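Notes follow the structure.
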Amino acid sequence: MKNILITGGAGFIGSHVVRLYTNKYPDYHIFNLDALTYAGNLENLSDVEKMPNYTFLKGDIKDINYINGIFEKYRFDAVIHLAAESHVDRSIVDPNAFIETNVLGTANLLNAFKNLWQGNYEGKLFYHVSTDEVYGALGKEGLFKETTPYDPQSPYSASKAASDHLVRAYGNTYGMPFNISNCSNNYGPNQFPEKLIPLFIHNIRNRKNLPVYGDGQYTRDWLYVTDHAKAIDTVFHTGIRNETYNIGGLNEWANLNLIKLLCEKMDAKLAQPAGTAAELITYVKDRAGHDRRYAIDNTKIQTELGWKPEMTFQEGLEKTVDWYLNNETWLNNVTSGAYQKYYAEMYES
Ligand code: NAD
Ligand code: TYD
């Protein structure tokens with residue numbers, strides 16, 4: 001029996017990783033540590049919560065005493081670290097929250113792991129889940145490779161870059177076995193509706209404006225969330241230790257093209273005349289420091305570890321739209337209260 005700590009397991013990607021691991025590995029005991037911020041929701045894991053190999057720990061990675069306590073108590077063989085503040089727009093408004101959780105919180109986990117194993121790292125692993133945004137922005141050409149120099153442009157990506165550097169430094173200095181993966185934009189069920197795709201599904205459903213930043217020609221490389229969870233599983237089990245892997249869908253979309261496709265799908269699902277959803281498109285002020293384009297070269301993980309994306313974008317988007325339309329209670333729960341205030345400040349001022 002191995003004890004595996006997954007941080008941020010009540011969030012979007014983390015909940016899919018927890019589900020994959022609890023089902024696929026009955027010999028692992030999965031501890032899900034999550035502070036349940038606005039982005040964390042245990043409803044994401046209602047099918048997992050009674051599994052015998054699953055334990056939820058409510059705690060904050062910023063709380064060093066709490067973190068040291070659980071490492072001593074449960075002696076985690078491995079950590080898969082996803083807990084983070086993850087939304088670029090929020091990082092522009094409140095950068096310190098990102099520095100505290102993403103940088104200092106990661107340092108707390110690294111120190112607790114180091115203090116627990118004291119250099120005896122046989123069979124141990126610290127796996128840090130990161131983003132392609134650490135590489136900065138691309139122009140029209142080129143792809144992010146693992147060797148692309150870091151050039152983060154937002155407080156979010158800078159805080160993730162700092163945490164990546166810390167993980168590598170602990171590997172180099174203390175011999176701590178680690179992996180890092182840098183993934184492109186995820187989409188799918190359970191994503192908090194502040195990110196582009198779920199926000200726009202929610203707004204079309206409620207006949208609210210679709211706020212397109214700038215000229216709408218910003219480009220992202222979209223990957224279905226369960227493909228990301230499988231990639232994490234692949235790196236965790238077969239990755240070469242202390243290596244970094246880029247994960248991406250080879251699926252680039254300019255925002256406006258993606259939004260038009262989403263509008264078409266929503267018109268069909270809601271049985272409304274073609275063009276109804278697209279009428280909601282509204283150009284708004286651009287995001288400060290908006291990165292023009294992200295795109296991943298995933299050759300390394302494909303050729304060395306045999307992972308590749310399985311879900312086509314058409315199918316993945318269809319599943320995503322269906323999930324949000326069938327889970328209105330989930331949406332209503334997460335968009336009440338504090339979120340309404342955020343939305344009003346962000347878009348209606
Ligand atoms: P999310 O915002 O949906 O979930 C983050 C989770 O972390 C939430 O459950 C939240 O409660 C928890 N959390 C936040 N602060 C915490 C703290 N101080 N202590 C304990 N728990 C805390 O994020 P996500 O989209 O699922 O992203 C997960 C990870 O993957 C992040 O590290 C992010 O940087 C990375 N990532 C995300 C994407 C993407 O497209 N969403 C792409 C690449 C990498
Ligand atoms: P987002 O989902 O926030 O992911 P990220 O910024 O991490 O890539 O945004 C995806 C793209 O959509 C990005 O170019 C910003 C743009 N966007 C809008 O145009 N309007 C919005 O309301 C949001 C949330 C994003």
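Each chain in the structure tokens gets a letter, A, B, ..., in the order shown, and its residues are numbered from 1; ligands are numbered from 1 in order too.
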
query: If we count only C-alpha atoms, what is near Arg205 in chain A at a cut-off of 9 Å, once residues fewer than 6 positions away on the same chain are taken out, given as number ranges by chain?
result: A: 266, 270, 277, 325

Take the residues that were just selected and, keeping C-alpha atoms, output them as an mmCIF file, in the first residue's frame.
```cif
data_model
loop_
_atom_site.group_PDB
_atom_site.id
_atom_site.type_symbol
_atom_site.label_atom_id
_atom_site.label_comp_id
_atom_site.auth_asym_id
_atom_site.auth_seq_id
_atom_site.Cartn_x
_atom_site.Cartn_y
_atom_site.Cartn_z
ATOM 1 C CA MET A 266 -25.395 25.735 -27.747
ATOM 2 C CA LEU A 270 -31.082 24.660 -26.618
ATOM 3 C CA ALA A 277 -26.089 32.617 -29.000
ATOM 4 C CA LEU A 325 -26.496 21.577 -19.203
#
```

Where does chain A meet ligand 1 within 7 Å, residue by residue, with the nearest atom pair and distance in Å to one decimal for each, counting only C-alpha atoms and all ligand atoms, listed by chain and rising number, as a tab-separated table?
```
residue	atom	partner	partner_atom_place_in_ligand_line	distance
A:Thr7	CA	ligand 1	21 (N)	6.3
A:Gly8	CA	ligand 1	7 (O)	3.6
A:Gly9	CA	ligand 1	9 (O)	5.7
A:Ala10	CA	ligand 1	9 (O)	4.0
A:Gly11	CA	ligand 1	9 (O)	3.2
A:Phe12	CA	ligand 1	26 (O)	3.7
A:Ile13	CA	ligand 1	26 (O)	3.7
A:Gly14	CA	ligand 1	26 (O)	5.3
A:Leu33	CA	ligand 1	20 (C)	6.3
A:Asp34	CA	ligand 1	21 (N)	3.8
A:Ala35	CA	ligand 1	20 (C)	4.0
A:Leu36	CA	ligand 1	11 (O)	3.7
A:Thr37	CA	ligand 1	11 (O)	3.9
A:Tyr38	CA	ligand 1	11 (O)	6.3
A:Ala39	CA	ligand 1	8 (C)	4.6
A:Gly40	CA	ligand 1	9 (O)	3.1
A:Asn41	CA	ligand 1	9 (O)	6.3
A:Gly59	CA	ligand 1	20 (C)	5.8
A:Asp60	CA	ligand 1	19 (N)	3.5
A:Ile61	CA	ligand 1	19 (N)	4.0
A:Lys62	CA	ligand 1	18 (N)	5.3
A:His81	CA	ligand 1	32 (O)	7.0
A:Leu82	CA	ligand 1	32 (O)	4.1
A:Ala83	CA	ligand 1	7 (O)	3.5
A:Ala84	CA	ligand 1	14 (C)	4.4
A:Glu85	CA	ligand 1	14 (C)	5.1
A:Ser86	CA	ligand 1	2 (O)	4.7
A:His87	CA	ligand 1	2 (O)	6.7
A:Thr101	CA	ligand 1	18 (N)	4.7
A:Gly105	CA	ligand 1	18 (N)	6.4
A:Val129	CA	ligand 1	32 (O)	5.5
A:Ser130	CA	ligand 1	44 (C)	4.6
A:Thr131	CA	ligand 1	44 (C)	3.8
A:Asp132	CA	ligand 1	43 (C)	6.4
A:Lys160	CA	ligand 1	34 (O)	6.5
A:Asn182	CA	ligand 1	43 (C)	6.2
A:Cys183	CA	ligand 1	43 (C)	4.2
A:Ser184	CA	ligand 1	42 (C)	5.1
A:Asn185	CA	ligand 1	40 (O)	3.6
A:Asn186	CA	ligand 1	40 (O)	3.8
A:Tyr187	CA	ligand 1	40 (O)	6.6
A:Gln191	CA	ligand 1	3 (O)	5.9
A:Phe192	CA	ligand 1	3 (O)	6.0
```

Please, could you write that set of residues out with N, CA and C atoms as a short mmCIF file (atom, residue, chain, number, x, y, z; two decimals), in the first residue's frame?
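So out14.cif came out as:
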```cif
data_model
loop_
_atom_site.label_atom_id
_atom_site.label_comp_id
_atom_site.auth_asym_id
_atom_site.auth_seq_id
_atom_site.Cartn_x
_atom_site.Cartn_y
_atom_site.Cartn_z
N THR A 7 -2.78 17.16 -3.91
CA THR A 7 -3.25 18.46 -3.42
C THR A 7 -4.17 19.09 -4.47
N GLY A 8 -5.16 19.84 -4.01
CA GLY A 8 -6.09 20.49 -4.95
C GLY A 8 -7.04 19.52 -5.61
N GLY A 9 -7.30 18.40 -4.94
CA GLY A 9 -8.14 17.34 -5.53
C GLY A 9 -9.62 17.69 -5.62
N ALA A 10 -10.04 18.76 -4.95
CA ALA A 10 -11.45 19.15 -5.07
C ALA A 10 -11.66 20.16 -6.20
N GLY A 11 -10.58 20.53 -6.87
CA GLY A 11 -10.68 21.47 -7.99
C GLY A 11 -10.97 20.75 -9.29
N PHE A 12 -10.82 21.48 -10.36
CA PHE A 12 -11.19 20.97 -11.70
C PHE A 12 -10.31 19.76 -12.09
N ILE A 13 -9.05 20.00 -12.35
CA ILE A 13 -8.19 18.91 -12.84
C ILE A 13 -7.96 17.88 -11.72
N GLY A 14 -7.73 18.40 -10.50
CA GLY A 14 -7.44 17.51 -9.37
C GLY A 14 -8.53 16.47 -9.16
N LEU A 33 -5.83 16.57 -0.29
CA LEU A 33 -5.70 17.76 0.56
C LEU A 33 -6.19 18.98 -0.20
N ASP A 34 -7.19 19.65 0.36
CA ASP A 34 -7.73 20.82 -0.34
C ASP A 34 -8.28 21.81 0.69
N ALA A 35 -8.04 23.08 0.46
CA ALA A 35 -8.53 24.13 1.37
C ALA A 35 -9.98 24.48 1.09
N LEU A 36 -10.52 23.96 -0.02
CA LEU A 36 -11.90 24.30 -0.45
C LEU A 36 -12.05 25.82 -0.56
N THR A 37 -11.20 26.42 -1.38
CA THR A 37 -11.40 27.83 -1.73
C THR A 37 -12.63 27.90 -2.63
N TYR A 38 -12.89 29.08 -3.18
CA TYR A 38 -14.05 29.22 -4.08
C TYR A 38 -14.00 28.19 -5.21
N ALA A 39 -12.77 27.76 -5.58
CA ALA A 39 -12.61 26.86 -6.75
C ALA A 39 -12.71 25.39 -6.38
N GLY A 40 -12.70 25.09 -5.08
CA GLY A 40 -12.73 23.69 -4.65
C GLY A 40 -14.13 23.30 -4.25
N ASN A 41 -14.53 22.09 -4.65
CA ASN A 41 -15.92 21.71 -4.44
C ASN A 41 -15.99 20.20 -4.28
N GLY A 59 -7.39 21.28 4.42
CA GLY A 59 -6.28 22.04 4.96
C GLY A 59 -5.67 22.92 3.91
N ASP A 60 -4.84 23.84 4.40
CA ASP A 60 -4.28 24.87 3.52
C ASP A 60 -2.78 24.64 3.37
N ILE A 61 -2.30 24.62 2.13
CA ILE A 61 -0.85 24.40 1.95
C ILE A 61 -0.03 25.58 2.46
N LYS A 62 -0.67 26.69 2.75
CA LYS A 62 0.05 27.82 3.34
C LYS A 62 0.33 27.60 4.83
N HIS A 81 1.06 17.41 -6.87
CA HIS A 81 0.72 18.75 -6.36
C HIS A 81 -0.01 19.57 -7.43
N LEU A 82 -1.32 19.74 -7.20
CA LEU A 82 -2.12 20.57 -8.12
C LEU A 82 -2.69 21.81 -7.45
N ALA A 83 -2.73 21.84 -6.11
CA ALA A 83 -3.37 22.98 -5.44
C ALA A 83 -2.71 24.28 -5.87
N ALA A 84 -3.53 25.21 -6.29
CA ALA A 84 -2.99 26.50 -6.73
C ALA A 84 -4.14 27.49 -6.88
N GLU A 85 -3.78 28.75 -6.85
CA GLU A 85 -4.66 29.78 -7.40
C GLU A 85 -4.40 29.73 -8.90
N SER A 86 -5.47 29.64 -9.71
CA SER A 86 -5.25 29.25 -11.11
C SER A 86 -5.81 30.21 -12.15
N HIS A 87 -6.42 31.31 -11.74
CA HIS A 87 -7.07 32.14 -12.76
C HIS A 87 -6.31 33.45 -12.99
N THR A 101 0.01 31.15 -2.11
CA THR A 101 -0.36 29.74 -2.30
C THR A 101 0.62 29.03 -3.25
N GLY A 105 3.24 28.06 -0.60
CA GLY A 105 2.56 26.78 -0.35
C GLY A 105 3.36 25.62 -0.92
N VAL A 129 2.49 19.71 -10.83
CA VAL A 129 1.66 19.93 -12.03
C VAL A 129 1.69 21.43 -12.36
N SER A 130 2.21 21.75 -13.53
CA SER A 130 2.35 23.16 -13.88
C SER A 130 1.73 23.47 -15.25
N THR A 131 1.98 24.65 -15.69
CA THR A 131 1.28 25.20 -16.86
C THR A 131 2.26 25.60 -17.96
N ASP A 132 1.78 25.62 -19.19
CA ASP A 132 2.61 26.11 -20.30
C ASP A 132 2.79 27.62 -20.23
N LYS A 160 3.70 30.38 -10.85
CA LYS A 160 3.88 28.97 -11.23
C LYS A 160 5.34 28.73 -11.65
N ASN A 182 4.12 20.52 -17.76
CA ASN A 182 3.58 21.84 -18.12
C ASN A 182 2.53 21.62 -19.19
N CYS A 183 1.29 21.90 -18.83
CA CYS A 183 0.17 21.56 -19.71
C CYS A 183 -0.50 22.81 -20.29
N SER A 184 -1.11 22.62 -21.44
CA SER A 184 -1.86 23.69 -22.09
C SER A 184 -3.25 23.82 -21.45
N ASN A 185 -4.10 24.66 -22.01
CA ASN A 185 -5.44 24.93 -21.44
C ASN A 185 -6.30 23.67 -21.42
N ASN A 186 -6.86 23.39 -20.26
CA ASN A 186 -7.77 22.25 -20.11
C ASN A 186 -9.21 22.70 -20.24
N TYR A 187 -10.08 21.78 -20.65
CA TYR A 187 -11.52 22.04 -20.62
C TYR A 187 -12.21 20.72 -20.30
N GLN A 191 -15.10 22.36 -14.45
CA GLN A 191 -14.24 23.55 -14.45
C GLN A 191 -15.04 24.74 -13.93
N PHE A 192 -14.43 25.51 -13.07
CA PHE A 192 -15.14 26.63 -12.45
C PHE A 192 -15.51 27.66 -13.53
#
```

task: Please give me, as a VMD selection string, the residues lying within 9 Å of ligand 2 when counting only C-alpha atoms and all ligand atoms.
output: chain A and resid 86 to 89 131 133 156 to 157 184 to 187 193 to 200 210 to 221 254 to 256 283 to 284 286 to 287 290 to 294 347

message: Which residues are close to Asn242 in chain A, i.e. within 10 Å by only C-alpha atoms, leaving aside same-chain residues fewer than 5 positions away? Reply as a ChimeraX atom specification.
response: /A:125-127,167-168,171-172,175-180

task: Please run DSSP on the backbone and report, as a count of residues only, all residues within range 139-211 of chain A that come out as helix (DSSP H, G or I).
output: 30

task: Quick one: pick out all strand (DSSP E or B) residues within range 67-165 of chain A from a backbone DSSP run and write them as a list in words.
output: Ala78, Val79, Ile80, His81, Leu125, Phe126, Tyr127, His128, Val129, Ser130, Thr131 and Phe144 of chain A

- request: May I ask which of the residues A:Ala107, A:Val334, A:Ile259, A:Ala158 is the closest one to Glu43 in chain A, counting only C-alpha atoms?
  value: A:Val334

task: Measure the distance from CA of Ala288 in chain A to CA of Ser154 in chain A in Å and round it to one decimal.
output: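 Computed distance, CA of Ala288 in chain A to CA of Ser154 in chain A, equals 8.6 Å.
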
query: Residues at most 9 Å from Phe313 in chain A, counting only C-alpha atoms, excluding those fewer than 3 positions away in the same chain, as a PyMOL selection string?
result: chain A and resi 222-224+249+251+316-318
